[in-house]
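To start, the structure under review is shown below, and the notes come after it.
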Amino acid sequence: MPTINYLTRIEFDFGAIAGLGSEIERMGVKRPLLVTDRGIADAGILQRALDAAAPSRPIVYDGTTENPTEQSLLDCLDIWNDKGCDGVIALGGGSPIDLAKAVALLTSHGGSLANYNVKTGGSAKIGKVSPQIAIPTAAGTGAEVGRACVMSLLDGSKMVAVNLNMVADLVICDPELTHSLPPRLTAATGIDALSHGVETCSSSLDNPPAAAIGLEAVRRAARWLPVAVENGADRTARWEMMMASLMGGMCLQKALGGAHAMATPLGELHLHHGTLIGILLPHILRFNKGYADAAYGDLADAMKVPAGVELDDWMTRFVADIGLPTGLSALGVDEALLPAIAEKAAKDHLSATNPRSADASDYLTILRGAMA
C-alpha cells in the first residue's frame, strides 16, 4: 500500500486568509518571501494577503510565469539570500505554489533543481524543507496539498520533483479569493481538479482511501464546475470547487495516468495545463476502456452519466459545455511535434500508473486523435 499522509494543517472557509499574520507568527517566520504573479497583484488579491499578513511584512516576488521556470526560481533565491528570508508563502494557482516549493527545497538543500528529478531518483534525497504556507487562489491543481513540484528548466525541458516533505506546512483555502477568476480560467482550472479524481480513481495503484477522496472530488466538480463557470459570484459553487480541488490534490498519492503524462511535454509549448487536460482526458478515457471497468462504473455514478452514454463521450461534451476547446489544433499545436511529445509521454513517470500500458506509438495515436 502506498504511503498516505494528510497531516498538513488546512484552514478552509470564506475569510480564512484573515488569520495569515497570526499563522506566520506561530510558525516563527520572521522574514517571509511571498511568491505570486502579476495577475494576482492586479486583481487586488496580493494587497489583501499583505494586509492579512500584518504585522509581518513579506518580501514580494510577483514574476511567476504561467508555467514556472528555473529562471524565476533563481530570481527568488537571489531575493531570499539578499533579504535574509526564512520562509515562503505561495499565493496563486499551481505555478506560484510549485515555484514556492522549489524555493523551499533549494534554500534548505542547496544544489540545482535538476538534482531532485524524480526520473533520476533525486527526489528520494528530499528531506525537511524551509517553512511554507500555501494560499491557492484558483480551484484546480490541488498543488497546495500536492507532493510534486513541476518546473521548466533553463534548457526548456520540464522536470518534476516528488516528495511528501515538499507539502506546505500550512494551507489556507479561502474560496472568496476565487471570485475574481474569469469563466474561461475557472473552467480550465476546474477541469484539472476533475481530472485528478478521474485519473487517480483509474490508476493502477491500490490505495482505497485516496480513491474514495478522488471519487468525492469528481462528484463535487462535475456538479459545481458548470455553475461556477456560469456565475462566478455563486458562493456555494466557489466553496465546492475549492473543496473539489483540495480533495483532488489529496488523492494524488494514488498517482495519475496518461492524460497527465501527455500534458507534461505539451506544456513545454507554453500551453495552459488545465486546457490541455480538458482536451486529453476524453481520449485517455477511450484508450483505457476495458482496463479500469470498476473505476469507470464508480466515476459514471459520481458524475451522473446517463445510462448508455460512454464516459469518454460524456466528458467531451462536458468540456465543450464549459467553454473549453476539445482539440489540440485549437491551441495551435503543430502535428509535426507529436512524435517527440509521444516519446516523452511514454517515459513520463505517470505513464507507469495508467491502467492500460502505453508506449510511444500508443501515445502518438492518441495525440493525433486529439488534434481535431
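In the C-alpha cells, chains take the letters A, B, ... in the order shown, each chain's residues start at 1, and ligands count up from 1 in the order shown.
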
For the strand (DSSP E or B) assignment from backbone DSSP, which residues of stretch 26-273 of chain A qualify? Please present them as JSON, numbers by chain. {"A": [32, 33, 34, 35, 59, 60, 61, 69, 87, 88, 89, 90, 91, 92, 132, 133, 134, 135, 136, 148, 149, 150, 151, 152, 158, 159, 160, 161, 162, 170, 171, 172, 173]}

Restrict the selected residues to C-alpha atoms and save them as a CSV table (one decimal), in the first residue's frame.
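part_33.csv written:
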chain,number,residue,atom,x,y,z
A,32,PRO,CA,8.8,35.5,4.6
A,33,LEU,CA,9.2,35.6,0.8
A,34,LEU,CA,5.7,35.8,-0.8
A,35,VAL,CA,5.7,34.2,-4.3
A,59,ILE,CA,9.1,40.4,0.6
A,60,VAL,CA,7.1,40.1,-2.7
A,61,TYR,CA,8.2,38.3,-5.8
A,69,THR,CA,10.6,28.4,-14.7
A,87,GLY,CA,10.1,31.1,5.0
A,88,VAL,CA,8.0,31.2,1.8
A,89,ILE,CA,4.3,32.0,1.2
A,90,ALA,CA,2.7,30.9,-2.1
A,91,LEU,CA,-0.2,33.0,-3.3
A,92,GLY,CA,-1.9,31.9,-6.5
A,132,GLN,CA,5.9,27.1,3.7
A,133,ILE,CA,2.4,28.4,3.6
A,134,ALA,CA,0.3,27.8,0.5
A,135,ILE,CA,-2.7,30.0,-0.3
A,136,PRO,CA,-4.5,28.9,-3.5
A,148,ALA,CA,5.0,17.3,-6.6
A,149,CYS,CA,6.8,20.4,-8.0
A,150,VAL,CA,6.7,20.8,-11.8
A,151,MET,CA,9.1,23.3,-13.4
A,152,SER,CA,10.6,24.2,-16.8
A,158,LYS,CA,10.2,20.1,-17.8
A,159,MET,CA,11.1,18.2,-14.7
A,160,VAL,CA,9.2,17.0,-11.6
A,161,ALA,CA,10.4,16.6,-8.0
A,162,VAL,CA,8.1,14.5,-5.9
A,170,LEU,CA,0.0,25.2,6.4
A,171,VAL,CA,-2.6,25.6,3.7
A,172,ILE,CA,-5.1,28.4,3.7
A,173,CYS,CA,-8.1,27.8,1.4

Counting only C-alpha atoms, which residues of stretch 137-249 of chain A sit at most 12 Å from some atom of stretch 259-277 of chain A, and what is each one's closest atom pair with its distance in Å to one decimal, listed by chain and rising residue number, as a Markdown table?
| residue | atom | partner | partner_atom | distance |
| --- | --- | --- | --- | --- |
| A:Ala138 | CA | A:Gly274 | CA | 11.5 |
| A:Ala139 | CA | A:Gly274 | CA | 10.9 |
| A:Gly140 | CA | A:Gly274 | CA | 7.8 |
| A:Thr141 | CA | A:Gly274 | CA | 8.2 |
| A:Gly142 | CA | A:Gly274 | CA | 11.9 |
| A:Val150 | CA | A:Thr264 | CA | 8.7 |
| A:Met151 | CA | A:Glu268 | CA | 9.7 |
| A:Ser152 | CA | A:Glu268 | CA | 7.3 |
| A:Leu153 | CA | A:Glu268 | CA | 9.9 |
| A:Leu154 | CA | A:Glu268 | CA | 11.5 |
| A:Asp155 | CA | A:Glu268 | CA | 10.5 |
| A:Gly156 | CA | A:Glu268 | CA | 6.7 |
| A:Ser157 | CA | A:Glu268 | CA | 6.5 |
| A:Lys158 | CA | A:Glu268 | CA | 6.6 |
| A:Met159 | CA | A:Thr264 | CA | 8.8 |
| A:Val160 | CA | A:Thr264 | CA | 9.5 |
| A:Arg184 | CA | A:Thr275 | CA | 9.3 |
| A:Leu185 | CA | A:Gly274 | CA | 8.7 |
| A:Thr186 | CA | A:Gly274 | CA | 9.8 |
| A:Ala187 | CA | A:Gly274 | CA | 8.3 |
| A:Ala188 | CA | A:Gly274 | CA | 4.7 |
| A:Thr189 | CA | A:Gly274 | CA | 5.2 |
| A:Gly190 | CA | A:Gly274 | CA | 7.6 |
| A:Ile191 | CA | A:Gly274 | CA | 6.2 |
| A:Asp192 | CA | A:Gly274 | CA | 5.0 |
| A:Ala193 | CA | A:Gly274 | CA | 8.6 |
| A:Leu194 | CA | A:Ile277 | CA | 9.8 |
| A:Ser195 | CA | A:Ile277 | CA | 7.3 |
| A:His196 | CA | A:His260 | CA | 9.1 |
| A:Val198 | CA | A:Ala259 | CA | 10.2 |
| A:Glu199 | CA | A:Ala259 | CA | 8.0 |
| A:Thr200 | CA | A:His260 | CA | 10.8 |
| A:Ser202 | CA | A:Ala259 | CA | 11.6 |
| A:Ser203 | CA | A:Ala259 | CA | 11.3 |

Non-local contacts of A:Pro96 (9 Å; only C-alpha atoms; under 3 positions in same chain excluded) as a tab-separated table (two decimals) with all heavy atoms, in the first residue's frame:
chain	number	residue	atom	x	y	z
A	35	VAL	N	5.55	34.54	-2.85
A	35	VAL	CA	5.67	34.24	-4.27
A	35	VAL	C	4.30	34.29	-4.92
A	35	VAL	O	3.38	33.57	-4.50
A	35	VAL	CB	6.32	32.85	-4.48
A	35	VAL	CG1	6.34	32.48	-5.96
A	35	VAL	CG2	7.72	32.82	-3.90
A	36	THR	N	4.15	35.12	-5.94
A	36	THR	CA	2.87	35.25	-6.62
A	36	THR	C	3.10	35.65	-8.07
A	36	THR	O	4.21	35.48	-8.59
A	36	THR	CB	1.97	36.27	-5.87
A	36	THR	OG1	0.66	36.24	-6.41
A	36	THR	CG2	2.53	37.68	-5.93
A	37	ASP	N	2.07	36.17	-8.75
A	37	ASP	CA	2.23	36.61	-10.13
A	37	ASP	C	1.52	37.94	-10.33
A	37	ASP	O	0.78	38.41	-9.47
A	37	ASP	CB	1.72	35.55	-11.12
A	37	ASP	CG	0.26	35.20	-10.94
A	37	ASP	OD1	-0.58	36.12	-10.91
A	37	ASP	OD2	-0.07	34.00	-10.83
A	62	ASP	N	6.65	38.83	-7.67
A	62	ASP	CA	5.43	38.67	-8.46
A	62	ASP	C	5.72	38.34	-9.92
A	62	ASP	O	4.89	38.56	-10.80
A	62	ASP	CB	4.55	39.92	-8.37
A	62	ASP	CG	5.21	41.16	-8.96
A	62	ASP	OD1	6.34	41.05	-9.48
A	62	ASP	OD2	4.60	42.24	-8.91
A	64	THR	N	6.22	35.30	-11.29
A	64	THR	CA	5.92	33.92	-11.68
A	64	THR	C	5.23	33.89	-13.03
A	64	THR	O	4.27	34.62	-13.26
A	64	THR	CB	5.03	33.22	-10.64
A	64	THR	OG1	5.56	33.44	-9.33
A	64	THR	CG2	4.95	31.73	-10.92
A	65	THR	N	5.71	33.03	-13.92
A	65	THR	CA	5.09	32.87	-15.23
A	65	THR	C	4.02	31.78	-15.18
A	65	THR	O	3.91	31.04	-14.19
A	65	THR	CB	6.15	32.50	-16.28
A	65	THR	OG1	6.88	31.35	-15.82
A	65	THR	CG2	7.13	33.64	-16.49
A	66	GLU	N	3.23	31.66	-16.27
A	66	GLU	CA	2.12	30.70	-16.28
A	66	GLU	C	2.60	29.29	-16.01
A	66	GLU	O	1.96	28.53	-15.31
A	66	GLU	CB	1.38	30.77	-17.61
A	66	GLU	CG	0.15	29.89	-17.64
A	66	GLU	CD	-0.69	30.11	-18.89
A	66	GLU	OE1	-1.17	31.23	-19.10
A	66	GLU	OE2	-0.86	29.13	-19.65
A	67	ASN	N	3.74	28.91	-16.60
A	67	ASN	CA	4.40	27.66	-16.27
A	67	ASN	C	5.71	28.03	-15.59
A	67	ASN	O	6.57	28.65	-16.22
A	67	ASN	CB	4.67	26.83	-17.54
A	67	ASN	CG	3.39	26.34	-18.18
A	67	ASN	OD1	2.67	25.55	-17.61
A	67	ASN	ND2	3.09	26.85	-19.37
A	68	PRO	N	5.87	27.74	-14.30
A	68	PRO	CA	7.02	28.26	-13.55
A	68	PRO	C	8.34	27.80	-14.16
A	68	PRO	O	8.46	26.69	-14.67
A	68	PRO	CB	6.83	27.69	-12.15
A	68	PRO	CG	5.94	26.50	-12.33
A	68	PRO	CD	5.04	26.83	-13.48
A	90	ALA	N	3.20	30.96	-0.72
A	90	ALA	CA	2.73	30.88	-2.10
A	90	ALA	C	1.33	31.45	-2.17
A	90	ALA	O	0.45	31.04	-1.39
A	90	ALA	CB	2.74	29.44	-2.58
A	91	LEU	N	1.11	32.37	-3.10
A	91	LEU	CA	-0.21	32.97	-3.28
A	91	LEU	C	-0.55	32.91	-4.76
A	91	LEU	O	0.06	33.60	-5.58
A	91	LEU	CB	-0.21	34.43	-2.80
A	91	LEU	CG	-1.52	35.21	-2.98
A	91	LEU	CD1	-2.59	34.68	-2.03
A	91	LEU	CD2	-1.30	36.70	-2.73
A	92	GLY	N	-1.50	32.06	-5.13
A	92	GLY	CA	-1.87	31.95	-6.53
A	92	GLY	C	-2.32	30.55	-6.89
A	92	GLY	O	-2.75	29.77	-6.04
A	93	GLY	N	-2.20	30.24	-8.18
A	93	GLY	CA	-2.53	28.92	-8.67
A	93	GLY	C	-1.36	27.97	-8.56
A	93	GLY	O	-0.42	28.18	-7.77
A	99	LEU	N	6.48	26.99	-7.64
A	99	LEU	CA	7.70	27.78	-7.50
A	99	LEU	C	8.10	27.90	-6.04
A	99	LEU	O	9.28	27.78	-5.69
A	99	LEU	CB	7.49	29.17	-8.12
A	99	LEU	CG	8.66	30.15	-8.02
A	99	LEU	CD1	9.93	29.56	-8.61
A	99	LEU	CD2	8.31	31.47	-8.70
A	100	ALA	N	7.12	28.12	-5.17
A	100	ALA	CA	7.41	28.23	-3.74
A	100	ALA	C	7.98	26.92	-3.19
A	100	ALA	O	8.89	26.93	-2.34
A	100	ALA	CB	6.15	28.61	-2.97
A	101	LYS	N	7.46	25.79	-3.67
A	101	LYS	CA	8.02	24.50	-3.24
A	101	LYS	C	9.49	24.39	-3.63
A	101	LYS	O	10.32	23.90	-2.84
A	101	LYS	CB	7.24	23.35	-3.87
A	101	LYS	CG	5.84	23.15	-3.33
A	101	LYS	CD	5.15	22.01	-4.08
A	101	LYS	CE	3.69	21.88	-3.67
A	101	LYS	NZ	3.00	20.83	-4.44
A	136	PRO	N	-4.01	28.97	-2.14
A	136	PRO	CA	-4.48	28.88	-3.52
A	136	PRO	C	-5.52	29.96	-3.83
A	136	PRO	O	-6.34	30.30	-2.98
A	136	PRO	CB	-5.10	27.49	-3.59
A	136	PRO	CG	-5.53	27.19	-2.18
A	136	PRO	CD	-4.51	27.86	-1.30

Separation of atom CA of A:Leu311 and atom CA of A:Ala292, in Å?
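Result for atom CA of A:Leu311 versus atom CA of A:Ala292: 11.8 Å, one decimal.
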
So that I can see what lies close to A:Phe287, please list as a CSV table (one decimal) with N, CA and C atoms, in the first residue's frame the residues with an atom at most 8 Å from it, counting only C-alpha atoms and leaving out residues fewer than 3 positions away in the same chain.
chain,number,residue,atom,x,y,z
A,283,HIS,N,-9.8,11.4,-24.5
A,283,HIS,CA,-9.1,10.4,-25.3
A,283,HIS,C,-8.4,9.3,-24.5
A,284,ILE,N,-7.9,9.7,-23.3
A,284,ILE,CA,-7.3,8.6,-22.5
A,284,ILE,C,-8.4,7.8,-21.9
A,356,ARG,N,-3.9,1.1,-18.5
A,356,ARG,CA,-3.5,0.3,-19.6
A,356,ARG,C,-2.1,0.7,-20.1
A,366,ILE,N,-3.0,8.5,-29.8
A,366,ILE,CA,-3.9,9.3,-29.0
A,366,ILE,C,-3.8,10.8,-29.3

Next on the checklist: Can you pull out the residues contacting A:Gly15? Cut-off 9 Å, using only C-alpha atoms, and skip same-chain residues under 5 positions away; I want them as a list in words.
Outcome noted: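 The contact residues come out as Cys173, Asp174, Pro175, Glu176 and Leu177 of chain A.
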
message = Going by DSSP on the backbone, which residues of stretch 59-296 of chain A come out as helix (DSSP H, G or I)? List them as a PyMOL selection string.
response = chain A and resi 70-83+94-109+113-116+118-120+122-125+143-145+164-166+175-178+183-202+208-230+235-254+258-269+273-287+293-296

The residue from A:Pro131, A:Trp80, A:Leu74, A:His109 with the smallest atom-to-atom distance to A:Glu25, counting only C-alpha atoms, is A:Pro131

Report task. Considering only C-alpha atoms, state which residue in the set A:Ala212, A:Leu281, A:Ala295, A:Arg9 is at the smallest distance from A:Ala168. Result ->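 Between A:Ala212, A:Leu281, A:Ala295, A:Arg9, the residue approaching A:Ala168 most closely is A:Arg9.
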
As a check of understanding: the span from atom CA of A:Lys119 to atom CA of A:Ser72 is 22.2 Å

> Which of these residues is nearest to A:Ile10, using only C-alpha atoms: A:Met243, A:Met371, A:Val305, A:Ile213?
Replying inline: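 Smallest distance to A:Ile10 is found for A:Met243.
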
Which of these residues is nearest to A:Ala43, using only C-alpha atoms: A:Phe12, A:Glu343, A:Thr137, A:Ser123?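 Comparing A:Phe12, A:Glu343, A:Thr137, A:Ser123 against A:Ala43, the winner is A:Thr137.
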
inquiry  = Using only C-alpha atoms for the distances, tell me which of A:Ala143, A:Leu331, A:Ala16, A:Leu113 is nearest to A:Ser95.
reply    =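 Looking at the shortest contact to A:Ser95, the residue is A:Ala143.
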
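Shortest separation to A:Ala52 among A:Glu23, A:Asp75, A:Asp313, A:Glu216 occurs at residue A:Glu23, atoms counted being only C-alpha atoms.
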
Item to complete: Within 7 Å of A:Ala237, counting only C-alpha atoms, which residues show up once you throw out same-chain ones fewer than 3 positions away? Write them as an MDAnalysis selection string, please.
Response: chainID A and resid 224 227:228 234 240:241

Please produce a file of the residues just selected, as an mmCIF file, in the first residue's frame, where the atoms kept are N, CA and C atoms.
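Contents of again.cif, freshly written:
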data_model
loop_
_atom_site.group_PDB
_atom_site.id
_atom_site.type_symbol
_atom_site.label_atom_id
_atom_site.label_comp_id
_atom_site.auth_asym_id
_atom_site.auth_seq_id
_atom_site.Cartn_x
_atom_site.Cartn_y
_atom_site.Cartn_z
ATOM 1 N N TRP A 224 -20.567 21.124 -9.663
ATOM 2 C CA TRP A 224 -20.465 22.545 -9.377
ATOM 3 C C TRP A 224 -19.609 23.345 -10.354
ATOM 4 N N VAL A 227 -21.667 25.472 -12.725
ATOM 5 C CA VAL A 227 -22.292 26.582 -12.002
ATOM 6 C C VAL A 227 -21.280 27.705 -11.776
ATOM 7 N N ALA A 228 -20.065 27.352 -11.369
ATOM 8 C CA ALA A 228 -19.030 28.350 -11.123
ATOM 9 C C ALA A 228 -18.640 29.075 -12.399
ATOM 10 N N ASP A 234 -21.342 32.883 -7.376
ATOM 11 C CA ASP A 234 -22.087 31.892 -6.601
ATOM 12 C C ASP A 234 -21.178 31.334 -5.507
ATOM 13 N N GLU A 240 -17.532 24.796 -3.130
ATOM 14 C CA GLU A 240 -17.499 23.397 -3.548
ATOM 15 C C GLU A 240 -16.337 23.116 -4.504
ATOM 16 N N MET A 241 -16.045 24.051 -5.401
ATOM 17 C CA MET A 241 -14.944 23.828 -6.332
ATOM 18 C C MET A 241 -13.590 23.914 -5.640
#

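Atom to atom, atom CA of A:Ala244 and atom CA of A:Gly214 stand 8.7 Å apart.
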